[in-house]
Amino acid sequence: MELERSAARAQARGGMATMAAFLERASELTHDPGRRSTRALEAAQAKFQAGAFGSATSLLATAGIDPPDELTRARIDVLHAGLAFAQGRGMEAPAPLLAAARRLEQLDVALARDTYLEAVSAVVFAGHLARSPGWPEVGTAARGAPPSPLPRAADELLDALGMRLTDGFTASVPAIESALTALTADDLPVQESLRWLLLAGVIAADLWDLERWQTVTTRHVELTRRTGALSGLPLALDSSAVVLVFAGELTAAAAVVEEVRTVSTATGTVQPPFGALALAAARGHEREARALIDATVSEAAIHGQGLGVTVANCHHAVLCNGLAHYEEAMSAARAAARYQEEFGAPRWALAELIEAAVRTGSPEDAHDALAQLSETARASGTDWALGAEACSRALLSDGVAAEDLYREAIERLARTRVRVNLARAHLLYGEWLRRENRRVDARAQLTIAYEMLSQFGADAFAERARRELQATGGRVRERAVAPQTALTAQEAQIARLAGDGLTNHEIGARLFLSPHTIDWHLRKVFSKLGIASRREISARLGQGTVTSAGATI
């Protein structure tokens, strides 16, 4: 009992790993089989949240030897499914979760509803590669779940997502928005936040709402760090990296992507590298992006993560539109757009398809995609969605109508944090103006696009803008060349964290390195940057230091 009380105190202080250790020891010292099973399950749950998947699996084996009742058996099944999902076996999770949820209806309604929601989450990531049951069946089961006697944010989310999976995007938008508001409330309990904030981020992206997506990811990362719930940290960080890419903060996104790699390696988490994909595609780093795309599609297909395949195809389209490889962009965007009805599928793939189709002289494909885009954009009603629709419609328009639409797109996107899309809207407008032989007006738009995209580090799109600007007779400003101080990716990451004020112990805990190792890396950073102390790091980084991977920090 004392070990259990110690575990509770550790949880209250945010020590998930310590809590897990106390619970594991309590299980080892328990002689009663039923009590030992229950304690082993609690320890396994804590180990899972702490990112110790191997220990969690071993403890689940102990818990399964002689579980005291049907409720414990069902909870064991739920955690087995959660481990399968976290370790990259997403296709295995929906069926056992749905079966466990149905059994739990007679035992614990709140837990049953949570398990239905876990099944929805699993099938969202499995997407079109989900084994039976697929997302329509899971959606139907979710809508048929018994009502909760004490409604929570999770209950509102389950009802909304059941509607989303069965009735489609447009019909479910009001319910989805209400559920997202509940999930971002300041008074939402910590454990509930940890459990559902990843799904809330997917919802915000599905609604074309970058501001709330950023709010969700920021909170999710902060909570996983504070509580030590490392199993959720890689996914939280990865979602944060994608948000940063859309916001044009590619340097910050690169640092987060590096941390995702570090934490994923330490915890054994297997997931599609959405952040790394988004970053490489936005930068136009062709070799890196193609390697990531191929690896993601291959691994996601093996592990049944259909959403990973769809997202990879979308970023493939972004990459190729930036490089002006429009035929390839259209093929990739078509593949991504094929599953637009699935929850979580990136709707901006339709905008990529329209741009590529127009450039390849395929207006029929563009008009079909625009019809889909318009329906969801207007249902969403965000400036991001409506700005993307206006820009896409402008590509298919002429004369005054086209110009009005480009201006509307820029005005709407300027009210959002989606800065890369804003810069691309200026680029498309400038390209159109040049083709209208309005060179002076074209130069103004193309200069804005070039300077924004260059500042972001979106090199392929910046090069597109540079070529167009030169074609107007405009003079392209030389881009500032950063000092060629070659920090490794890890050194750059450590330097940035030290510059943010973290101690060696804090940096080591975040990156799973010893304080001595951090100190060794920092000495190398000081030598390369020509500084004497960590107080000088921020000022030096602000001048633009190049990493060995070519990223300016």
# chains A, B, ... in the order shown; residues from 1 in each chain; ligands from 1
call {"tool": "residues_around", "arguments": {"residues": "A:Arg467", "least_positions_apart": "2", "cutoff": "12 Å", "atoms": "only C-alpha atoms", "output": "VMD selection string"}}
result
chain A and resid 323 to 324 427 430 to 431 434 443 446 to 447 449 to 450 460 to 465 469 to 476
call {"tool": "residues_around", "arguments": {"residues": "A:Leu194", "least_positions_apart": "5", "cutoff": "12 Å", "atoms": "only C-alpha atoms", "output": "short mmCIF file (atom, residue, chain, number, x, y, z; two decimals) with C-alpha atoms, in the first residue's frame"}}
result
data_model
loop_
_atom_site.label_atom_id
_atom_site.label_comp_id
_atom_site.auth_asym_id
_atom_site.auth_seq_id
_atom_site.Cartn_x
_atom_site.Cartn_y
_atom_site.Cartn_z
CA GLN A 49 2.82 6.26 -20.68
CA ALA A 50 6.48 6.64 -19.69
CA ALA A 154 -14.23 12.80 -24.33
CA LEU A 183 -10.85 19.62 -25.50
CA THR A 184 -8.95 22.91 -25.37
CA LEU A 188 -9.63 19.83 -18.77
CA PRO A 189 -8.03 17.23 -16.44
CA LEU A 199 -6.74 13.44 -31.72
CA ALA A 200 -7.68 17.07 -31.08
CA GLY A 201 -4.74 18.13 -33.24
CA VAL A 216 -3.37 21.94 -29.10
CA THR A 217 0.16 20.88 -30.02
CA ARG A 219 -0.31 22.16 -24.78
CA HIS A 220 0.26 18.52 -25.69
CA VAL A 221 4.05 18.90 -25.81
CA GLU A 222 4.09 20.84 -22.54
CA LEU A 223 1.98 18.25 -20.72
CA THR A 224 3.92 15.23 -21.98
CA ARG A 225 7.16 16.83 -20.87
CA ARG A 226 5.82 17.92 -17.48
CA THR A 227 4.26 14.57 -16.63
CA GLY A 228 6.98 12.40 -18.16
CA ALA A 229 4.40 10.70 -20.44
CA LEU A 230 7.06 9.98 -23.05
CA SER A 231 4.96 7.53 -25.09
CA GLY A 232 2.97 10.50 -26.38
CA LEU A 233 5.88 12.92 -26.81
CA LEU A 235 3.60 12.26 -31.80
CA ALA A 236 3.03 15.56 -29.98
#
call {"tool": "residues_around", "arguments": {"residues": "A:Ala295", "least_positions_apart": "3", "cutoff": "12 Å", "atoms": "only C-alpha atoms", "output": "CSV table (one decimal) with all heavy atoms, in the first residue's frame"}}
result
chain,number,residue,atom,x,y,z
A,271,GLN,N,6.4,5.6,-36.0
A,271,GLN,CA,5.4,6.5,-36.5
A,271,GLN,C,5.8,7.1,-37.9
A,271,GLN,O,7.1,7.2,-38.1
A,271,GLN,CB,5.1,7.6,-35.6
A,271,GLN,CG,6.3,8.6,-35.4
A,271,GLN,CD,6.0,9.6,-34.3
A,271,GLN,OE1,5.8,9.3,-33.2
A,271,GLN,NE2,6.1,10.9,-34.7
A,272,PRO,N,4.9,7.4,-38.8
A,272,PRO,CA,5.3,8.1,-40.0
A,272,PRO,C,5.9,9.4,-39.6
A,272,PRO,O,5.4,10.1,-38.8
A,272,PRO,CB,4.0,8.2,-40.8
A,272,PRO,CG,3.1,7.2,-40.2
A,272,PRO,CD,3.5,7.1,-38.7
A,273,PRO,N,7.0,9.8,-40.3
A,273,PRO,CA,7.7,11.1,-40.0
A,273,PRO,C,7.0,12.3,-40.6
A,273,PRO,O,7.6,12.9,-41.5
A,273,PRO,CB,9.1,10.9,-40.5
A,273,PRO,CG,8.9,10.0,-41.7
A,273,PRO,CD,7.8,9.1,-41.3
A,274,PHE,N,5.8,12.6,-40.2
A,274,PHE,CA,5.1,13.7,-40.8
A,274,PHE,C,5.8,15.0,-40.8
A,274,PHE,O,5.8,15.8,-41.8
A,274,PHE,CB,3.7,13.8,-40.2
A,274,PHE,CG,2.8,12.7,-40.4
A,274,PHE,CD1,1.7,12.4,-39.5
A,274,PHE,CD2,2.9,11.8,-41.5
A,274,PHE,CE1,0.9,11.4,-39.7
A,274,PHE,CE2,2.0,10.8,-41.7
A,274,PHE,CZ,1.0,10.5,-40.8
A,276,ALA,N,9.1,15.6,-40.5
A,276,ALA,CA,10.3,15.6,-41.4
A,276,ALA,C,9.9,15.6,-42.9
A,276,ALA,O,10.5,16.3,-43.7
A,276,ALA,CB,11.1,14.3,-41.1
A,277,LEU,N,8.8,15.0,-43.2
A,277,LEU,CA,8.2,15.0,-44.6
A,277,LEU,C,7.8,16.4,-44.9
A,277,LEU,O,8.2,16.9,-46.0
A,277,LEU,CB,7.0,14.1,-44.7
A,277,LEU,CG,7.2,12.6,-45.1
A,277,LEU,CD1,5.9,11.9,-44.9
A,277,LEU,CD2,7.7,12.6,-46.5
A,288,GLU,N,16.4,14.3,-50.0
A,288,GLU,CA,15.9,14.0,-48.7
A,288,GLU,C,14.4,13.7,-48.7
A,288,GLU,O,14.0,12.7,-48.1
A,288,GLU,CB,16.2,15.1,-47.7
A,288,GLU,CG,15.7,14.9,-46.3
A,288,GLU,CD,15.9,16.1,-45.4
A,288,GLU,OE1,16.4,17.2,-45.9
A,288,GLU,OE2,15.5,16.0,-44.2
A,289,ALA,N,13.7,14.6,-49.4
A,289,ALA,CA,12.2,14.4,-49.4
A,289,ALA,C,11.8,13.1,-50.1
A,289,ALA,O,10.9,12.4,-49.6
A,289,ALA,CB,11.5,15.6,-50.1
A,290,ARG,N,12.4,12.8,-51.2
A,290,ARG,CA,12.1,11.5,-51.9
A,290,ARG,C,12.4,10.3,-51.1
A,290,ARG,O,11.7,9.3,-51.1
A,290,ARG,CB,12.8,11.5,-53.3
A,290,ARG,CG,12.2,12.5,-54.3
A,290,ARG,CD,12.8,12.2,-55.7
A,290,ARG,NE,12.4,13.3,-56.6
A,290,ARG,CZ,11.2,13.3,-57.2
A,290,ARG,NH1,10.3,12.3,-57.0
A,290,ARG,NH2,10.8,14.2,-58.1
A,291,ALA,N,13.5,10.3,-50.4
A,291,ALA,CA,13.9,9.2,-49.5
A,291,ALA,C,12.9,9.0,-48.4
A,291,ALA,O,12.4,7.9,-48.1
A,291,ALA,CB,15.3,9.4,-48.9
A,292,LEU,N,12.4,10.1,-47.8
A,292,LEU,CA,11.4,10.1,-46.7
A,292,LEU,C,10.1,9.6,-47.3
A,292,LEU,O,9.4,8.8,-46.6
A,292,LEU,CB,11.3,11.5,-46.1
A,292,LEU,CG,12.3,11.9,-45.1
A,292,LEU,CD1,12.2,13.4,-44.8
A,292,LEU,CD2,12.2,11.1,-43.8
A,298,SER,N,6.4,2.9,-47.9
A,298,SER,CA,6.7,1.5,-47.7
A,298,SER,C,6.4,1.0,-46.3
A,298,SER,O,5.7,0.0,-46.1
A,298,SER,CB,8.2,1.3,-48.0
A,298,SER,OG,8.6,-0.1,-47.7
A,299,GLU,N,6.9,1.8,-45.3
A,299,GLU,CA,6.7,1.4,-43.9
A,299,GLU,C,5.2,1.5,-43.5
A,299,GLU,O,4.7,0.6,-42.8
A,299,GLU,CB,7.5,2.2,-43.0
A,299,GLU,CG,9.0,2.0,-43.0
A,299,GLU,CD,9.4,0.5,-42.6
A,299,GLU,OE1,8.9,0.1,-41.5
A,299,GLU,OE2,10.1,-0.1,-43.3
A,300,ALA,N,4.6,2.5,-43.9
A,300,ALA,CA,3.2,2.7,-43.6
A,300,ALA,C,2.3,1.6,-44.2
A,300,ALA,O,1.4,1.1,-43.5
A,300,ALA,CB,2.6,4.0,-44.1
A,301,ALA,N,2.6,1.1,-45.4
A,301,ALA,CA,1.9,0.0,-46.0
A,301,ALA,C,2.1,-1.3,-45.2
A,301,ALA,O,1.1,-2.0,-45.0
A,301,ALA,CB,2.3,-0.2,-47.4
A,302,ILE,N,3.3,-1.5,-44.7
A,302,ILE,CA,3.6,-2.7,-44.0
A,302,ILE,C,2.8,-2.7,-42.7
A,302,ILE,O,2.3,-3.7,-42.2
A,302,ILE,CB,5.1,-2.8,-43.7
A,302,ILE,CG1,5.9,-3.1,-45.0
A,302,ILE,CG2,5.4,-3.9,-42.7
A,302,ILE,CD1,7.4,-3.0,-44.9
A,308,GLY,N,-0.6,7.6,-43.1
A,308,GLY,CA,0.8,7.9,-43.5
A,308,GLY,C,1.0,7.9,-45.0
A,308,GLY,O,1.7,8.8,-45.5
A,309,VAL,N,0.4,7.0,-45.7
A,309,VAL,CA,0.5,6.9,-47.1
A,309,VAL,C,-0.1,8.1,-47.8
A,309,VAL,O,0.5,8.8,-48.6
A,309,VAL,CB,-0.1,5.6,-47.7
A,309,VAL,CG1,-0.1,5.6,-49.2
A,309,VAL,CG2,0.6,4.4,-47.1
A,312,ALA,N,2.0,11.2,-47.1
A,312,ALA,CA,3.3,11.2,-47.9
A,312,ALA,C,3.0,11.6,-49.3
A,312,ALA,O,3.8,12.4,-49.9
A,312,ALA,CB,3.9,9.8,-47.8
A,313,ASN,N,1.9,11.1,-49.9
A,313,ASN,CA,1.5,11.5,-51.2
A,313,ASN,C,1.2,13.0,-51.3
A,313,ASN,O,1.6,13.7,-52.3
A,313,ASN,CB,0.3,10.8,-51.7
A,313,ASN,CG,0.6,9.3,-52.1
A,313,ASN,OD1,1.7,9.1,-52.6
A,313,ASN,ND2,-0.3,8.4,-51.8
call {"tool": "residues_around", "arguments": {"residues": "A:Gly344", "least_positions_apart": "4", "cutoff": "12 Å", "atoms": "only C-alpha atoms", "output": "NGL selection string"}}
result
:A and (120-128 or 135 or 161 or 164-165 or 168-169 or 198-208 or 305-311 or 336-337 or 339-340 or 348-349)
call {"tool": "select_by_dssp", "arguments": {"residues": "stretch 147-288 of chain A", "states": "alpha helix (DSSP H)", "output": "PyMOL selection string"}}
result
chain A and resi 153-167+169-183+190-206+210-227+233-246+250-267+274-283+286-288
call {"tool": "write_last_selection", "arguments": {"atoms": "C-alpha atoms", "output": "compact mmCIF listing (two decimals), in the first residue's frame"}}
result
# COMPACT_ATOMS: atom_id res chain seq x y z
CA ALA A 153 -15.12 16.31 -23.15
CA ALA A 154 -14.23 12.80 -24.33
CA ASP A 155 -17.93 11.92 -24.60
CA GLU A 156 -18.60 14.98 -26.75
CA LEU A 157 -15.62 14.04 -28.90
CA LEU A 158 -16.84 10.46 -29.36
CA ASP A 159 -20.30 11.61 -30.47
CA ALA A 160 -18.82 14.16 -32.88
CA LEU A 161 -16.37 11.72 -34.43
CA GLY A 162 -19.04 9.04 -34.76
CA MET A 163 -21.02 11.56 -36.79
CA ARG A 164 -17.91 12.53 -38.77
CA LEU A 165 -17.18 8.93 -39.75
CA THR A 166 -20.76 8.10 -40.71
CA ASP A 167 -22.30 11.35 -42.03
CA PHE A 169 -17.32 16.25 -43.02
CA THR A 170 -19.93 18.90 -43.79
CA ALA A 171 -22.66 17.50 -41.55
CA SER A 172 -20.30 17.03 -38.60
CA VAL A 173 -18.51 20.42 -38.56
CA PRO A 174 -20.63 22.06 -35.80
CA ALA A 175 -20.30 19.04 -33.52
CA ILE A 176 -16.57 18.72 -34.26
CA GLU A 177 -15.95 22.41 -33.48
CA SER A 178 -17.85 22.11 -30.20
CA ALA A 179 -15.82 19.04 -29.21
CA LEU A 180 -12.56 20.82 -30.08
CA THR A 181 -13.56 23.74 -27.86
CA ALA A 182 -14.21 21.32 -24.99
CA LEU A 183 -10.85 19.62 -25.50
CA VAL A 190 -4.40 16.41 -17.21
CA GLN A 191 -4.94 12.71 -17.88
CA GLU A 192 -7.84 13.44 -20.21
CA SER A 193 -5.71 16.00 -22.03
CA LEU A 194 -2.82 13.56 -22.41
CA ARG A 195 -5.14 10.93 -23.81
CA TRP A 196 -7.01 12.99 -26.40
CA LEU A 197 -4.93 16.01 -27.41
CA LEU A 198 -3.29 14.14 -30.30
CA LEU A 199 -6.74 13.44 -31.72
CA ALA A 200 -7.68 17.07 -31.08
CA GLY A 201 -4.74 18.13 -33.24
CA VAL A 202 -5.97 15.92 -36.08
CA ILE A 203 -9.40 17.52 -35.71
CA ALA A 204 -7.98 21.05 -35.87
CA ALA A 205 -6.04 20.14 -39.02
CA ASP A 206 -9.15 18.56 -40.51
CA LEU A 210 -3.92 26.31 -37.76
CA GLU A 211 -4.34 28.60 -34.76
CA ARG A 212 -6.17 25.98 -32.70
CA TRP A 213 -3.89 23.27 -34.07
CA GLN A 214 -0.95 25.21 -32.67
CA THR A 215 -2.74 25.68 -29.33
CA VAL A 216 -3.37 21.94 -29.10
CA THR A 217 0.16 20.88 -30.02
CA THR A 218 1.78 23.40 -27.69
CA ARG A 219 -0.31 22.16 -24.78
CA HIS A 220 0.26 18.52 -25.69
CA VAL A 221 4.05 18.90 -25.81
CA GLU A 222 4.09 20.84 -22.54
CA LEU A 223 1.98 18.25 -20.72
CA THR A 224 3.92 15.23 -21.98
CA ARG A 225 7.16 16.83 -20.87
CA ARG A 226 5.82 17.92 -17.48
CA THR A 227 4.26 14.57 -16.63
CA LEU A 233 5.88 12.92 -26.81
CA PRO A 234 7.08 11.87 -30.30
CA LEU A 235 3.60 12.26 -31.80
CA ALA A 236 3.03 15.56 -29.98
CA LEU A 237 6.36 16.93 -31.19
CA ASP A 238 5.78 15.70 -34.72
CA SER A 239 2.42 17.45 -34.93
CA SER A 240 4.09 20.60 -33.59
CA ALA A 241 6.73 20.39 -36.34
CA VAL A 242 4.06 20.25 -39.06
CA VAL A 243 2.36 23.34 -37.59
CA LEU A 244 5.69 25.19 -37.63
CA VAL A 245 6.22 24.29 -41.29
CA PHE A 246 2.84 25.73 -42.29
CA LEU A 250 11.18 26.03 -40.89
CA THR A 251 14.27 26.51 -38.73
CA ALA A 252 12.26 25.86 -35.56
CA ALA A 253 10.58 22.91 -37.25
CA ALA A 254 14.00 21.39 -38.04
CA ALA A 255 14.97 21.49 -34.35
CA VAL A 256 11.70 19.79 -33.38
CA VAL A 257 12.15 17.11 -36.07
CA GLU A 258 15.58 16.32 -34.63
CA GLU A 259 14.04 15.93 -31.17
CA VAL A 260 11.36 13.64 -32.59
CA ARG A 261 14.11 11.35 -33.90
CA THR A 262 15.88 11.36 -30.54
CA VAL A 263 12.80 10.62 -28.44
CA SER A 264 11.43 8.02 -30.88
CA THR A 265 14.71 6.12 -30.76
CA ALA A 266 14.76 6.22 -26.97
CA THR A 267 11.16 5.04 -26.53
CA PHE A 274 5.07 13.68 -40.85
CA GLY A 275 7.14 16.59 -39.52
CA ALA A 276 10.29 15.57 -41.40
CA LEU A 277 8.24 15.00 -44.57
CA ALA A 278 6.52 18.39 -44.36
CA LEU A 279 9.86 20.12 -43.72
CA ALA A 280 11.78 18.47 -46.57
CA ALA A 281 8.93 19.05 -49.03
CA ALA A 282 8.51 22.73 -48.06
CA ARG A 283 12.25 23.29 -48.34
CA GLU A 286 14.51 16.78 -53.32
CA ARG A 287 16.84 13.91 -52.40
CA GLU A 288 15.92 13.99 -48.70
call {"tool": "residues_around", "arguments": {"residues": "A:Leu395", "least_positions_apart": "2", "cutoff": "8 Å", "atoms": "only C-alpha atoms", "output": "NGL selection string"}}
result
:A and (354-355 or 358 or 391-393 or 397 or 402)
call {"tool": "write_last_selection", "arguments": {"atoms": "all heavy atoms", "output": "JSON list (two decimals), in the first residue's frame"}}
result
[["chain", "number", "residue", "atom", "x", "y", "z"],
["A", 354, "ILE", "N", -5.13, 20.90, -57.88],
["A", 354, "ILE", "CA", -5.64, 21.95, -58.78],
["A", 354, "ILE", "C", -4.48, 22.71, -59.42],
["A", 354, "ILE", "O", -4.48, 22.94, -60.64],
["A", 354, "ILE", "CB", -6.58, 22.90, -58.01],
["A", 354, "ILE", "CG1", -7.85, 22.15, -57.60],
["A", 354, "ILE", "CG2", -6.94, 24.12, -58.85],
["A", 354, "ILE", "CD1", -8.65, 22.83, -56.51],
["A", 355, "GLU", "N", -3.49, 23.09, -58.62],
["A", 355, "GLU", "CA", -2.35, 23.82, -59.17],
["A", 355, "GLU", "C", -1.63, 22.99, -60.24],
["A", 355, "GLU", "O", -1.31, 23.49, -61.33],
["A", 355, "GLU", "CB", -1.37, 24.21, -58.06],
["A", 355, "GLU", "CG", -0.18, 25.00, -58.55],
["A", 355, "GLU", "CD", 0.73, 25.50, -57.43],
["A", 355, "GLU", "OE1", 0.29, 25.51, -56.26],
["A", 355, "GLU", "OE2", 1.88, 25.88, -57.74],
["A", 358, "VAL", "N", -3.82, 22.52, -63.49],
["A", 358, "VAL", "CA", -3.85, 23.73, -64.33],
["A", 358, "VAL", "C", -2.54, 23.86, -65.11],
["A", 358, "VAL", "O", -2.54, 24.16, -66.31],
["A", 358, "VAL", "CB", -4.09, 24.98, -63.46],
["A", 358, "VAL", "CG1", -3.82, 26.25, -64.25],
["A", 358, "VAL", "CG2", -5.52, 24.98, -62.94],
["A", 391, "CYS", "N", -7.78, 30.92, -53.95],
["A", 391, "CYS", "CA", -6.56, 30.82, -54.76],
["A", 391, "CYS", "C", -6.73, 29.73, -55.83],
["A", 391, "CYS", "O", -6.34, 29.93, -56.99],
["A", 391, "CYS", "CB", -5.38, 30.50, -53.86],
["A", 391, "CYS", "SG", -3.78, 30.87, -54.60],
["A", 392, "SER", "N", -7.32, 28.61, -55.46],
["A", 392, "SER", "CA", -7.55, 27.53, -56.42],
["A", 392, "SER", "C", -8.55, 27.94, -57.49],
["A", 392, "SER", "O", -8.37, 27.64, -58.68],
["A", 392, "SER", "CB", -8.05, 26.28, -55.68],
["A", 392, "SER", "OG", -7.07, 25.80, -54.79],
["A", 393, "ARG", "N", -9.59, 28.63, -57.08],
["A", 393, "ARG", "CA", -10.60, 29.10, -58.05],
["A", 393, "ARG", "C", -9.99, 30.14, -59.01],
["A", 393, "ARG", "O", -10.33, 30.18, -60.19],
["A", 393, "ARG", "CB", -11.80, 29.67, -57.30],
["A", 393, "ARG", "CG", -13.03, 29.89, -58.19],
["A", 393, "ARG", "CD", -14.22, 30.32, -57.35],
["A", 393, "ARG", "NE", -14.67, 29.25, -56.47],
["A", 393, "ARG", "CZ", -15.42, 28.22, -56.86],
["A", 393, "ARG", "NH1", -15.82, 28.14, -58.12],
["A", 393, "ARG", "NH2", -15.79, 27.31, -55.99],
["A", 397, "SER", "N", -9.79, 30.76, -63.36],
["A", 397, "SER", "CA", -10.58, 31.92, -63.78],
["A", 397, "SER", "C", -9.75, 32.82, -64.68],
["A", 397, "SER", "O", -8.52, 32.66, -64.82],
["A", 397, "SER", "CB", -11.08, 32.70, -62.56],
["A", 397, "SER", "OG", -11.83, 31.87, -61.70],
["A", 402, "ALA", "N", -10.40, 36.48, -61.92],
["A", 402, "ALA", "CA", -9.18, 35.85, -61.41],
["A", 402, "ALA", "C", -8.46, 36.80, -60.46],
["A", 402, "ALA", "O", -8.02, 36.40, -59.37],
["A", 402, "ALA", "CB", -8.27, 35.46, -62.56]]
call {"tool": "residues_around", "arguments": {"residues": "A:Ala495", "least_positions_apart": "3", "cutoff": "12 Å", "atoms": "only C-alpha atoms", "output": "number ranges by chain"}}
result
A: 255, 487-492, 498-504, 507, 518-529, 531, 533-542, 545, 547, 553
call {"tool": "residues_around", "arguments": {"residues": "A:Leu71", "least_positions_apart": "4", "cutoff": "7 Å", "atoms": "only C-alpha atoms", "output": "ChimeraX atom specification"}}
result
/A:75,104,107
call {"tool": "write_last_selection", "arguments": {"atoms": "all heavy atoms", "output": "PDB file, in the first residue's frame"}}
result
ATOM      1  N   ARG A  75      -9.407  -4.391 -19.778  1.00  0.00           N
ATOM      2  CA  ARG A  75      -8.391  -3.331 -19.710  1.00  0.00           C
ATOM      3  C   ARG A  75      -7.044  -3.819 -20.228  1.00  0.00           C
ATOM      4  O   ARG A  75      -6.291  -3.058 -20.847  1.00  0.00           O
ATOM      5  CB  ARG A  75      -8.258  -2.836 -18.269  1.00  0.00           C
ATOM      6  CG  ARG A  75      -9.478  -2.065 -17.761  1.00  0.00           C
ATOM      7  CD  ARG A  75      -9.292  -1.657 -16.305  1.00  0.00           C
ATOM      8  NE  ARG A  75      -8.142  -0.777 -16.155  1.00  0.00           N
ATOM      9  CZ  ARG A  75      -7.476  -0.617 -15.005  1.00  0.00           C
ATOM     10  NH1 ARG A  75      -7.844  -1.304 -13.923  1.00  0.00           N
ATOM     11  NH2 ARG A  75      -6.453   0.215 -14.934  1.00  0.00           N
ATOM     12  N   LEU A 104     -16.995  -3.897 -22.356  1.00  0.00           N
ATOM     13  CA  LEU A 104     -16.990  -2.937 -21.263  1.00  0.00           C
ATOM     14  C   LEU A 104     -18.332  -2.233 -21.071  1.00  0.00           C
ATOM     15  O   LEU A 104     -18.568  -1.642 -20.007  1.00  0.00           O
ATOM     16  CB  LEU A 104     -15.896  -1.890 -21.496  1.00  0.00           C
ATOM     17  CG  LEU A 104     -14.455  -2.371 -21.231  1.00  0.00           C
ATOM     18  CD1 LEU A 104     -13.454  -1.399 -21.842  1.00  0.00           C
ATOM     19  CD2 LEU A 104     -14.226  -2.518 -19.726  1.00  0.00           C
ATOM     20  N   LEU A 107     -19.829  -3.226 -17.993  1.00  0.00           N
ATOM     21  CA  LEU A 107     -18.986  -3.175 -16.811  1.00  0.00           C
ATOM     22  C   LEU A 107     -18.657  -1.754 -16.359  1.00  0.00           C
ATOM     23  O   LEU A 107     -18.637  -1.473 -15.162  1.00  0.00           O
ATOM     24  CB  LEU A 107     -17.671  -3.927 -17.082  1.00  0.00           C
ATOM     25  CG  LEU A 107     -17.817  -5.379 -17.559  1.00  0.00           C
ATOM     26  CD1 LEU A 107     -16.480  -5.895 -18.073  1.00  0.00           C
ATOM     27  CD2 LEU A 107     -18.325  -6.255 -16.413  1.00  0.00           C
TER      28      LEU A 107
END
call {"tool": "closest_residue", "arguments": {"among": "A:Ala63, A:Ala81, A:Leu422, A:Leu353", "to": "A:Ala332", "atoms": "only C-alpha atoms"}}
result
A:Leu353
call {"tool": "closest_residue", "arguments": {"among": "A:Leu350, A:Ala317, A:Ala509, A:Ala142", "to": "A:Asp368", "atoms": "only C-alpha atoms"}}
result
A:Leu350
call {"tool": "closest_residue", "arguments": {"among": "A:Ala409, A:Val420, A:Leu97, A:Ala119", "to": "A:Ala247", "atoms": "only C-alpha atoms"}}
result
A:Val420
call {"tool": "atom_distance", "arguments": {"atom1": "atom CA of A:Pro146", "atom2": "atom CA of A:Ala112"}}
result
8.5 Å
call {"tool": "atom_distance", "arguments": {"atom1": "atom CA of A:Phe456", "atom2": "atom CA of A:Ile293"}}
result
21.7 Å
call {"tool": "closest_residue", "arguments": {"among": "A:Asp66, A:Glu352, A:Asp187, A:Glu436", "to": "A:Asn321", "atoms": "only C-alpha atoms"}}
result
A:Glu352
call {"tool": "atom_distance", "arguments": {"atom1": "atom CA of A:Met330", "atom2": "atom CA of A:Ser374"}}
result
18.7 Å
call {"tool": "closest_residue", "arguments": {"among": "A:Gly268, A:Ala130, A:Pro136, A:Arg36", "to": "A:Gly54", "atoms": "only C-alpha atoms"}}
result
A:Gly268
